[in-house]
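Below is one structure; the comments refer to it alone.
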Amino acid sequence: MDPFDAGAGGLLKQPKSVWATAGASVVAFMGIGLVDPILPSIAQGLDATASQVSLLFTSYFLITAVAMLVTGFVSSRIGGRRTLLLGLAFVVVFAGLAGTSGSVGELVGFRAGWGLGNALFVSTALAVIVGAAAGGSAAAILLYESALGLGMACGPLLGALLGDASWRYPFFGTAFLMAVGFLCIAVFLKEQPKPARKTSLLDPIKALGHGGLASAAVSAFFYNYTFFTVLAFTPFVLNMSPYRSGAVFFAWGVLLAVFSVIVAPRLQKRFGSLKVLGGSLVLLAADVLVLGYGSHTAAVVCTILSGAFIGVNNTVYTELALGVSDAPRPVASAGYNFVRWFAAAAAPFFAPKIEEWTDVRIPFVVAALTAVAGAAVVVVRRKALTLPQALDSARAGGTPTAEEPEPKHATEDGVTVFAN
């Protein structure tokens with residue numbers, strides 16, 4: 001079935017509950033890049049340094065990483081709908097409070113609360129969309145990936161449009177949009193059945209005992225350091241107005257969305273997941289080196305271009321995390337995200353520090369090295385990461401054999417977590 005088919009079960013023929021959840025997902029993903037174009041404005045408005053303002057990402061993703069051990073525990077007990085509403089409520093409250101901050105310390109603290117809410121929401125959104133969607137999981141997953149890409153693209157744009165008047169407005173705007181999402185889900189989404197087995201807090205840690213999943217998590221850890229060096233540190237290097245910076249990261253997000261949803265599956269079909277991932281990581285390393293050492297124009301171009309490689313990597317890593325082990329998908333993905341989000345917390349903290357200790361180019365050298373390290377893990381551990389080749393066979397139209405087990409359903413145990 002073509003997921004873009006407008007007929008029954010197609011991407012465009014979904015219940016209101018699916019569209020409500022997908023719409024709220026767009027806003028949730030917007031929150032990741034929302035502060036990008038206004039980081040210099042926040043630093044100026046709160047009389048803070050670049051390293052202090054970068055803690056907005058560190059606190060956000062540090063809490064997100066730890067929360068990955070909790071989200072499955074919560075959702076398997078109170079259900080997907082209530083978990084979504086709880087996460088949205090946290091985001092509404094803490095995003096609104098962030099806009100009232102009088103110091104960078106307050107803002108960092110409120111972003112941490114925002115991260116907890118976002119973790120609860122995005123950890124459950126895909127499973128809810130798949131469970132409520134018509135026509136199976138293919139169109140639902142595509143809709144979720146599209147929401148992710150659209151949110152990552154529009155976050156910097158919204159931040160620029162509202163942040164040009166005041167750095168506080170993007171936070172108030174996010175709180176308002178998430179409140180709308182809360183109401184839509186409360187009205188249109190019915191409670192789904194709870195999973196038969198409750199998830200324990202230690203299940204994700206135990207899942208990392210699988211060599212393939214641990215390898216995927218370690219590789220993604222290195223990759224995420226590179227990813228969030230680009231996302232959190234580059235705005236200070238570009239040193240542009242909110243509008244110009246927002247336009248750059250909007251273009252970056254568009255490439256991320258297109259390459260994640262459209263290009264990556266075609267590349268995987270032709271070359272295989274591991275070759276695509278290894279090649280994309282090496283190209284990303286080269287891109288960030290040019291970003292650091294090139295002219296200002298080259299830095300702008302390479303920032304935008306990095307979105308293509310990041311989009312490809314996100315798609316392949318998602319499949320590795322969710323298909324490489326025999327653990328239930330929500331458990332495997334929680335363990336994977338627990339590891340990789342620590343790099344998303346580390347990069348925004350260390351990149352400005354490295355600049356202070358050395359010069360502005362060295363953070364990008366480190367980011368290039370971590371991307372290469374991620375590729376090296378894929379090469380060295382390729383035998384442990386071979387299971388996703390079954391996904392390549394299925395994508396090409398083949399039927400998984402006994403040696404190529406069919407990928408597990410996205411709603412196994414009733415909840416999955418954000419793996420992109």
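Residues in the structure tokens are named by chain (A, B, ... in the order shown) and by number from 1 within that chain; ligands are numbered from 1 in the order shown.
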Name the residues in contact with segment 38-45 of chain A at a cut-off of 12 Å, using only C-alpha atoms, excluding same-chain residues fewer than 5 positions from it; report them as an MDAnalysis selection string.
-> chainID A and resid 33 50:57 98:99 101:105 107:108 155:171 231:246 249 348
Can you spit out the residues from that selection as a short mmCIF file (atom, residue, chain, number, x, y, z; two decimals), in the first residue's frame, using N, CA and C atoms?
data_model
loop_
_atom_site.label_atom_id
_atom_site.label_comp_id
_atom_site.auth_asym_id
_atom_site.auth_seq_id
_atom_site.Cartn_x
_atom_site.Cartn_y
_atom_site.Cartn_z
N GLY A 33 14.52 23.08 18.55
CA GLY A 33 15.30 24.10 17.87
C GLY A 33 14.78 25.51 18.05
N ALA A 50 28.04 32.71 26.33
CA ALA A 50 27.58 31.67 25.41
C ALA A 50 27.50 30.32 26.11
N SER A 51 28.48 30.00 26.96
CA SER A 51 28.47 28.70 27.65
C SER A 51 27.31 28.61 28.64
N GLN A 52 26.96 29.74 29.27
CA GLN A 52 25.82 29.73 30.19
C GLN A 52 24.50 29.53 29.45
N VAL A 53 24.33 30.22 28.32
CA VAL A 53 23.10 30.10 27.55
C VAL A 53 22.98 28.71 26.93
N SER A 54 24.09 28.11 26.55
CA SER A 54 24.05 26.77 25.96
C SER A 54 23.53 25.73 26.95
N LEU A 55 23.54 26.07 28.24
CA LEU A 55 22.99 25.15 29.24
C LEU A 55 21.49 24.95 29.05
N LEU A 56 20.84 25.81 28.25
CA LEU A 56 19.43 25.59 27.91
C LEU A 56 19.24 24.24 27.25
N PHE A 57 20.19 23.86 26.41
CA PHE A 57 20.14 22.55 25.77
C PHE A 57 20.57 21.46 26.75
N ALA A 98 9.42 29.81 31.50
CA ALA A 98 10.69 30.19 30.88
C ALA A 98 10.64 31.61 30.34
N GLY A 99 9.48 31.99 29.81
CA GLY A 99 9.34 33.35 29.27
C GLY A 99 9.37 34.43 30.33
N SER A 101 11.52 34.33 32.94
CA SER A 101 12.80 34.20 33.64
C SER A 101 13.49 35.56 33.82
N GLY A 102 14.06 35.73 35.01
CA GLY A 102 14.82 36.95 35.28
C GLY A 102 16.31 36.72 35.29
N SER A 103 16.73 35.46 35.16
CA SER A 103 18.15 35.14 35.12
C SER A 103 18.35 33.90 34.26
N VAL A 104 19.57 33.68 33.83
CA VAL A 104 19.84 32.51 33.00
C VAL A 104 19.68 31.24 33.82
N GLY A 105 19.94 31.30 35.14
CA GLY A 105 19.74 30.13 35.99
C GLY A 105 18.29 29.70 36.04
N LEU A 107 16.04 30.31 33.74
CA LEU A 107 15.68 29.82 32.41
C LEU A 107 16.17 28.40 32.20
N VAL A 108 17.39 28.10 32.64
CA VAL A 108 17.93 26.75 32.52
C VAL A 108 17.08 25.77 33.33
N GLY A 155 10.62 25.11 14.15
CA GLY A 155 11.04 25.62 15.44
C GLY A 155 11.92 26.86 15.34
N PRO A 156 13.03 26.78 14.58
CA PRO A 156 13.87 27.97 14.45
C PRO A 156 13.15 29.14 13.79
N LEU A 157 12.24 28.84 12.85
CA LEU A 157 11.51 29.92 12.18
C LEU A 157 10.59 30.64 13.16
N LEU A 158 9.87 29.87 13.97
CA LEU A 158 9.01 30.49 14.98
C LEU A 158 9.85 31.28 15.99
N GLY A 159 10.98 30.69 16.39
CA GLY A 159 11.85 31.39 17.32
C GLY A 159 12.33 32.71 16.77
N ALA A 160 12.62 32.74 15.47
CA ALA A 160 13.09 33.98 14.84
C ALA A 160 11.97 35.01 14.74
N LEU A 161 10.79 34.58 14.29
CA LEU A 161 9.69 35.51 14.09
C LEU A 161 9.25 36.16 15.40
N LEU A 162 9.10 35.35 16.44
CA LEU A 162 8.69 35.89 17.72
C LEU A 162 9.85 36.52 18.48
N GLY A 163 11.03 35.93 18.32
CA GLY A 163 12.19 36.41 19.06
C GLY A 163 12.74 37.72 18.56
N ASP A 164 12.36 38.13 17.36
CA ASP A 164 12.84 39.42 16.86
C ASP A 164 12.30 40.57 17.70
N ALA A 165 11.11 40.40 18.28
CA ALA A 165 10.53 41.42 19.16
C ALA A 165 11.07 41.28 20.58
N SER A 166 11.14 40.05 21.08
CA SER A 166 11.68 39.79 22.42
C SER A 166 12.03 38.31 22.52
N TRP A 167 13.13 38.01 23.19
CA TRP A 167 13.52 36.61 23.33
C TRP A 167 12.50 35.85 24.17
N ARG A 168 11.64 36.53 24.90
CA ARG A 168 10.65 35.87 25.75
C ARG A 168 9.47 35.32 24.95
N TYR A 169 9.14 35.95 23.84
CA TYR A 169 7.92 35.60 23.11
C TYR A 169 7.90 34.17 22.57
N PRO A 170 9.02 33.61 22.08
CA PRO A 170 8.96 32.22 21.61
C PRO A 170 8.53 31.24 22.69
N PHE A 171 8.90 31.50 23.93
CA PHE A 171 8.49 30.60 25.02
C PHE A 171 7.00 30.72 25.29
N LEU A 231 23.72 22.20 16.27
CA LEU A 231 22.46 22.83 16.64
C LEU A 231 22.64 23.91 17.70
N ALA A 232 23.48 23.66 18.71
CA ALA A 232 23.56 24.56 19.86
C ALA A 232 24.71 25.55 19.80
N PHE A 233 25.80 25.23 19.09
CA PHE A 233 26.97 26.10 19.10
C PHE A 233 27.08 26.97 17.85
N THR A 234 26.60 26.45 16.73
CA THR A 234 26.72 27.19 15.46
C THR A 234 26.07 28.57 15.49
N PRO A 235 24.90 28.77 16.14
CA PRO A 235 24.32 30.12 16.15
C PRO A 235 25.26 31.20 16.66
N PHE A 236 26.14 30.86 17.61
CA PHE A 236 27.10 31.85 18.10
C PHE A 236 28.18 32.13 17.07
N VAL A 237 28.54 31.10 16.30
CA VAL A 237 29.56 31.27 15.27
C VAL A 237 29.02 32.09 14.11
N LEU A 238 27.77 31.82 13.71
CA LEU A 238 27.17 32.57 12.60
C LEU A 238 26.95 34.04 13.00
N ASN A 239 26.57 34.26 14.26
CA ASN A 239 26.40 35.62 14.79
C ASN A 239 25.51 36.47 13.87
N MET A 240 24.31 35.95 13.61
CA MET A 240 23.36 36.62 12.71
C MET A 240 22.16 37.11 13.49
N SER A 241 21.36 37.95 12.86
CA SER A 241 20.12 38.41 13.48
C SER A 241 19.17 37.22 13.63
N PRO A 242 18.18 37.32 14.54
CA PRO A 242 17.23 36.21 14.68
C PRO A 242 16.57 35.80 13.37
N TYR A 243 16.21 36.77 12.54
CA TYR A 243 15.57 36.45 11.26
C TYR A 243 16.51 35.64 10.36
N ARG A 244 17.74 36.10 10.23
CA ARG A 244 18.69 35.41 9.35
C ARG A 244 19.05 34.03 9.90
N SER A 245 19.29 33.97 11.20
CA SER A 245 19.61 32.68 11.80
C SER A 245 18.42 31.72 11.70
N GLY A 246 17.21 32.25 11.90
CA GLY A 246 16.02 31.42 11.77
C GLY A 246 15.85 30.88 10.36
N PHE A 249 18.36 27.97 9.83
CA PHE A 249 17.96 26.72 10.47
C PHE A 249 16.62 26.20 9.97
N PRO A 348 26.32 20.88 23.99
CA PRO A 348 26.11 22.31 24.21
C PRO A 348 26.93 22.88 25.36
#
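Here atom CA of Glu319 of chain A stands at a distance of 26.2 Å from atom CA of Arg77 of chain A.
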Which is closer to Ala327 of chain A than all the others in A:Met30, A:Leu177, A:Met152, A:Ala207, using only C-alpha atoms?
-> A:Ala207
Would you mind listing what lies within 12 Å of Asp287 of chain A as number ranges by chain, with only C-alpha atoms counted and same-chain residues fewer than 5 positions away left out?
-> A: 226-227, 230, 280-282, 292-294, 298-310, 364-365, 367-369, 371-372
Students should find that atom CA of Leu277 of chain A and atom CA of Ser215 of chain A are spaced 13.3 Å
DSSP alpha helix (DSSP H) residues within segment 32-249 of chain A, listed as a ChimeraX atom specification | /A:32-33,39-45,50-53,55-78,80-98,104-132,137-163,169-188,203-207,211-238,242-249
Which residues of segment 102-205 of chain A come within 9 Å of segment 80-83 of chain A, and what is each one's closest atom pair and distance in Å (one decimal), counting only C-alpha atoms, sorted by chain and residue number, as a tab-separated table?
residue	atom	partner	partner_atom	distance
A:Leu120	CA	A:Thr83	CA	6.3
A:Phe121	CA	A:Thr83	CA	6.7
A:Thr124	CA	A:Gly80	CA	6.2
A:Ala125	CA	A:Gly80	CA	8.0
A:Ala127	CA	A:Gly80	CA	8.0
A:Val128	CA	A:Gly80	CA	6.4
A:Ile185	CA	A:Arg81	CA	7.8
A:Ala186	CA	A:Arg81	CA	8.1
A:Leu189	CA	A:Arg81	CA	7.1
A:Lys190	CA	A:Arg81	CA	7.1
A:Glu191	CA	A:Arg81	CA	5.4
A:Gln192	CA	A:Gly80	CA	6.6
A:Pro193	CA	A:Gly80	CA	8.4
A:Lys194	CA	A:Gly80	CA	7.6
Point out the residue among A:Thr229, A:Ala334, A:Gly117, A:Pro204 with the least atom-to-atom distance to Ile354 of chain A, counting only C-alpha atoms.
->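 Among A:Thr229, A:Ala334, A:Gly117, A:Pro204, it is A:Thr229 that comes nearest to Ile354 of chain A.
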Kindly indicate which residue among A:Gly149, A:Gly211, A:Gly173, A:Gly31 lies nearest to Ala257 of chain A, using only C-alpha atoms for the distances.
->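 Result for the nearest residue to Ala257 of chain A: A:Gly149.
Using only C-alpha atoms, the shortest contact distance between Leu201 of chain A and any of A:Val26, A:Val377, A:Leu255, A:Val74 is found at A:Val74.
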Counting only C-alpha atoms, the residue of A:Gly72, A:Gly253, A:Gly131, A:Gly113 that sits nearest Leu150 of chain A = A:Gly253
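Neighbours of segment 63-65 of chain A closer than or equal to 6 Å, with only C-alpha atoms counted and sequence neighbours fewer than 5 positions away skipped, come out as Ala112, Gly115, Leu116, Ala119, Phe338 and Trp341 of chain A.
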Min atom-atom distance to Ala20 of chain A from the set A:Leu34, A:Ala132, A:Gly181, A:Phe90, counting only C-alpha atoms, belongs to A:Gly181
For atom CA of Ala24 of chain A and atom CA of Phe188 of chain A, determine how far apart the two atoms are, in Å to one decimal place.
-> 12.2 Å
